[in-house]
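A.B. asks: One structure follows; several queries about it will come next.
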Amino acid sequence: VCSSDLMSKDITIVVLGSGGVGKSALTIQFVNNNFIEEYDPTIEDSYRKQVSVDGETHNLEILDTAGQEEFKSMRDQYMSTGDGYILVYSIVDRSSFEEINTFREQILRVKDCDSAPIVLVGNKCDLESREISNAEGKELAKEFGVKFLEASAKTRVNVEQTFFDAVREVLKERGGGVPESNETPKEREAREKKEKKQLEKDQKEAEKRRQKEAKEREKAEKQAKKEAEKAEKAKK
């Protein structure tokens, strides 16, 4: 287990994952309640936010790191300062899922320990074209002995929960004896129901968009074919 300042109210969370999985989108959605559409590769950004988790106030420093391989040595430095870690992959990109173990091993090597406070997150769960099932994510988290969530930076599904769970994992390691959550089973059920409803709504909308785009493509192809036939007849 990695040593951590037991009394400190300051917690450093490092967000890790391959390039393009939505690390910055998740972080900015959590800190600023804002979704960034365009992809601009991060080198390293730092954010501060005061949060209340299970009735306790904590000062978070969130390090949003570069996913690209060329920044690997810089990541060592960020990892060494981290108290907790959020490992992010995209549910529509299998290679990002396969790289998760590399990031975890890097954390354990840099921190020189056999386990660390980690939350595994499958981002972009609002998208239909998934390559990694929820069961695969759960299985990997079980293998690592860490928390697992699927989230959407776009629709804010499980964004807050992701960072709050990371705080809880850090506190658990510090021996704070914090409960998993102050939610009653009824409240948890209501929240999960709401999140499921939102996810289903997002998936339906994504499916509608996909069908609309397919119809438009089909229409354009028919039009192009018609024009090609017209041009062919004109030649004759």
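Letters for chains follow the order of the structure tokens (A, B, ...), residue numbers begin at 1 for each chain, and ligand numbers begin at 1 in the order shown.
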Would you give me, as JSON lines, each residue of segment 66-165 of chain A having an atom within 12 Å of an atom of segment 17-38 of chain A, along with its shortest atom pair and that distance in Å to one decimal, using only C-alpha atoms and sorting by chain and residue number?

C.D. replies:
{"residue": "A:Ala66", "atom": "CA", "partner": "A:Gly19", "partner_atom": "CA", "distance": 6.9}
{"residue": "A:Gly67", "atom": "CA", "partner": "A:Gly19", "partner_atom": "CA", "distance": 4.1}
{"residue": "A:Gln68", "atom": "CA", "partner": "A:Gly19", "partner_atom": "CA", "distance": 5.4}
{"residue": "A:Glu69", "atom": "CA", "partner": "A:Ser18", "partner_atom": "CA", "distance": 8.3}
{"residue": "A:Glu70", "atom": "CA", "partner": "A:Gly19", "partner_atom": "CA", "distance": 11.0}
{"residue": "A:Phe71", "atom": "CA", "partner": "A:Gly19", "partner_atom": "CA", "distance": 10.8}
{"residue": "A:Lys72", "atom": "CA", "partner": "A:Ser18", "partner_atom": "CA", "distance": 10.9}
{"residue": "A:Arg75", "atom": "CA", "partner": "A:Gly17", "partner_atom": "CA", "distance": 10.6}
{"residue": "A:Tyr85", "atom": "CA", "partner": "A:Gly17", "partner_atom": "CA", "distance": 10.3}
{"residue": "A:Ile86", "atom": "CA", "partner": "A:Gly17", "partner_atom": "CA", "distance": 8.4}
{"residue": "A:Leu87", "atom": "CA", "partner": "A:Gly17", "partner_atom": "CA", "distance": 5.7}
{"residue": "A:Val88", "atom": "CA", "partner": "A:Gly17", "partner_atom": "CA", "distance": 4.9}
{"residue": "A:Tyr89", "atom": "CA", "partner": "A:Val21", "partner_atom": "CA", "distance": 5.5}
{"residue": "A:Ser90", "atom": "CA", "partner": "A:Val21", "partner_atom": "CA", "distance": 4.9}
{"residue": "A:Ile91", "atom": "CA", "partner": "A:Val21", "partner_atom": "CA", "distance": 8.6}
{"residue": "A:Val92", "atom": "CA", "partner": "A:Val21", "partner_atom": "CA", "distance": 9.0}
{"residue": "A:Asp93", "atom": "CA", "partner": "A:Val21", "partner_atom": "CA", "distance": 8.0}
{"residue": "A:Arg94", "atom": "CA", "partner": "A:Val21", "partner_atom": "CA", "distance": 10.7}
{"residue": "A:Ser95", "atom": "CA", "partner": "A:Ser18", "partner_atom": "CA", "distance": 8.5}
{"residue": "A:Ser96", "atom": "CA", "partner": "A:Ser18", "partner_atom": "CA", "distance": 5.5}
{"residue": "A:Phe97", "atom": "CA", "partner": "A:Ser18", "partner_atom": "CA", "distance": 8.6}
{"residue": "A:Glu98", "atom": "CA", "partner": "A:Ser18", "partner_atom": "CA", "distance": 9.8}
{"residue": "A:Glu99", "atom": "CA", "partner": "A:Ser18", "partner_atom": "CA", "distance": 7.1}
{"residue": "A:Ile100", "atom": "CA", "partner": "A:Gly17", "partner_atom": "CA", "distance": 6.7}
{"residue": "A:Asn101", "atom": "CA", "partner": "A:Gly17", "partner_atom": "CA", "distance": 10.0}
{"residue": "A:Thr102", "atom": "CA", "partner": "A:Gly17", "partner_atom": "CA", "distance": 9.5}
{"residue": "A:Phe103", "atom": "CA", "partner": "A:Gly17", "partner_atom": "CA", "distance": 7.1}
{"residue": "A:Arg104", "atom": "CA", "partner": "A:Gly17", "partner_atom": "CA", "distance": 9.7}
{"residue": "A:Gln106", "atom": "CA", "partner": "A:Gly17", "partner_atom": "CA", "distance": 11.6}
{"residue": "A:Ile107", "atom": "CA", "partner": "A:Gly17", "partner_atom": "CA", "distance": 11.9}
{"residue": "A:Val119", "atom": "CA", "partner": "A:Gly17", "partner_atom": "CA", "distance": 11.8}
{"residue": "A:Leu120", "atom": "CA", "partner": "A:Gly17", "partner_atom": "CA", "distance": 10.0}
{"residue": "A:Val121", "atom": "CA", "partner": "A:Gly17", "partner_atom": "CA", "distance": 9.6}
{"residue": "A:Gly122", "atom": "CA", "partner": "A:Val21", "partner_atom": "CA", "distance": 8.9}
{"residue": "A:Asn123", "atom": "CA", "partner": "A:Gly22", "partner_atom": "CA", "distance": 6.9}
{"residue": "A:Lys124", "atom": "CA", "partner": "A:Gly22", "partner_atom": "CA", "distance": 7.7}
{"residue": "A:Cys125", "atom": "CA", "partner": "A:Gly22", "partner_atom": "CA", "distance": 11.3}
{"residue": "A:Glu150", "atom": "CA", "partner": "A:Leu26", "partner_atom": "CA", "distance": 11.6}
{"residue": "A:Ala151", "atom": "CA", "partner": "A:Leu26", "partner_atom": "CA", "distance": 8.5}
{"residue": "A:Ser152", "atom": "CA", "partner": "A:Leu26", "partner_atom": "CA", "distance": 7.6}
{"residue": "A:Ala153", "atom": "CA", "partner": "A:Leu26", "partner_atom": "CA", "distance": 4.7}
{"residue": "A:Lys154", "atom": "CA", "partner": "A:Phe35", "partner_atom": "CA", "distance": 5.7}
{"residue": "A:Thr155", "atom": "CA", "partner": "A:Phe35", "partner_atom": "CA", "distance": 8.3}
{"residue": "A:Arg156", "atom": "CA", "partner": "A:Gln29", "partner_atom": "CA", "distance": 7.0}
{"residue": "A:Val157", "atom": "CA", "partner": "A:Leu26", "partner_atom": "CA", "distance": 10.0}
{"residue": "A:Asn158", "atom": "CA", "partner": "A:Leu26", "partner_atom": "CA", "distance": 9.7}
{"residue": "A:Val159", "atom": "CA", "partner": "A:Phe30", "partner_atom": "CA", "distance": 6.1}
{"residue": "A:Glu160", "atom": "CA", "partner": "A:Phe30", "partner_atom": "CA", "distance": 6.0}
{"residue": "A:Gln161", "atom": "CA", "partner": "A:Phe30", "partner_atom": "CA", "distance": 9.6}
{"residue": "A:Thr162", "atom": "CA", "partner": "A:Leu26", "partner_atom": "CA", "distance": 9.2}
{"residue": "A:Phe163", "atom": "CA", "partner": "A:Phe30", "partner_atom": "CA", "distance": 7.9}
{"residue": "A:Phe164", "atom": "CA", "partner": "A:Phe30", "partner_atom": "CA", "distance": 10.2}

A.B. asks: Can you check which residues of segment 11-226 of chain A DSSP gives as alpha helix (DSSP H) on the backbone and send them as a ChimeraX atom specification?

C.D. replies: /A:23-32,72-81,94-98,100-111,134-144,159-174,185-226

A.B. asks: For a test of reading the model, state the distance in Å between atom CA of Ile118 of chain A and atom CA of Val146 of chain A, rounded to one decimal.

C.D. replies: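 For atom CA of Ile118 of chain A relative to atom CA of Val146 of chain A, the distance reads 5.8 Å.
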
A.B. asks: Using only C-alpha atoms, which of A:Arg210, A:Phe148, A:Asp165, A:Lys9 sits nearest Glu56 of chain A?

C.D. replies: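 Once distances to Glu56 of chain A are computed over only C-alpha atoms, the minimum belongs to A:Lys9.
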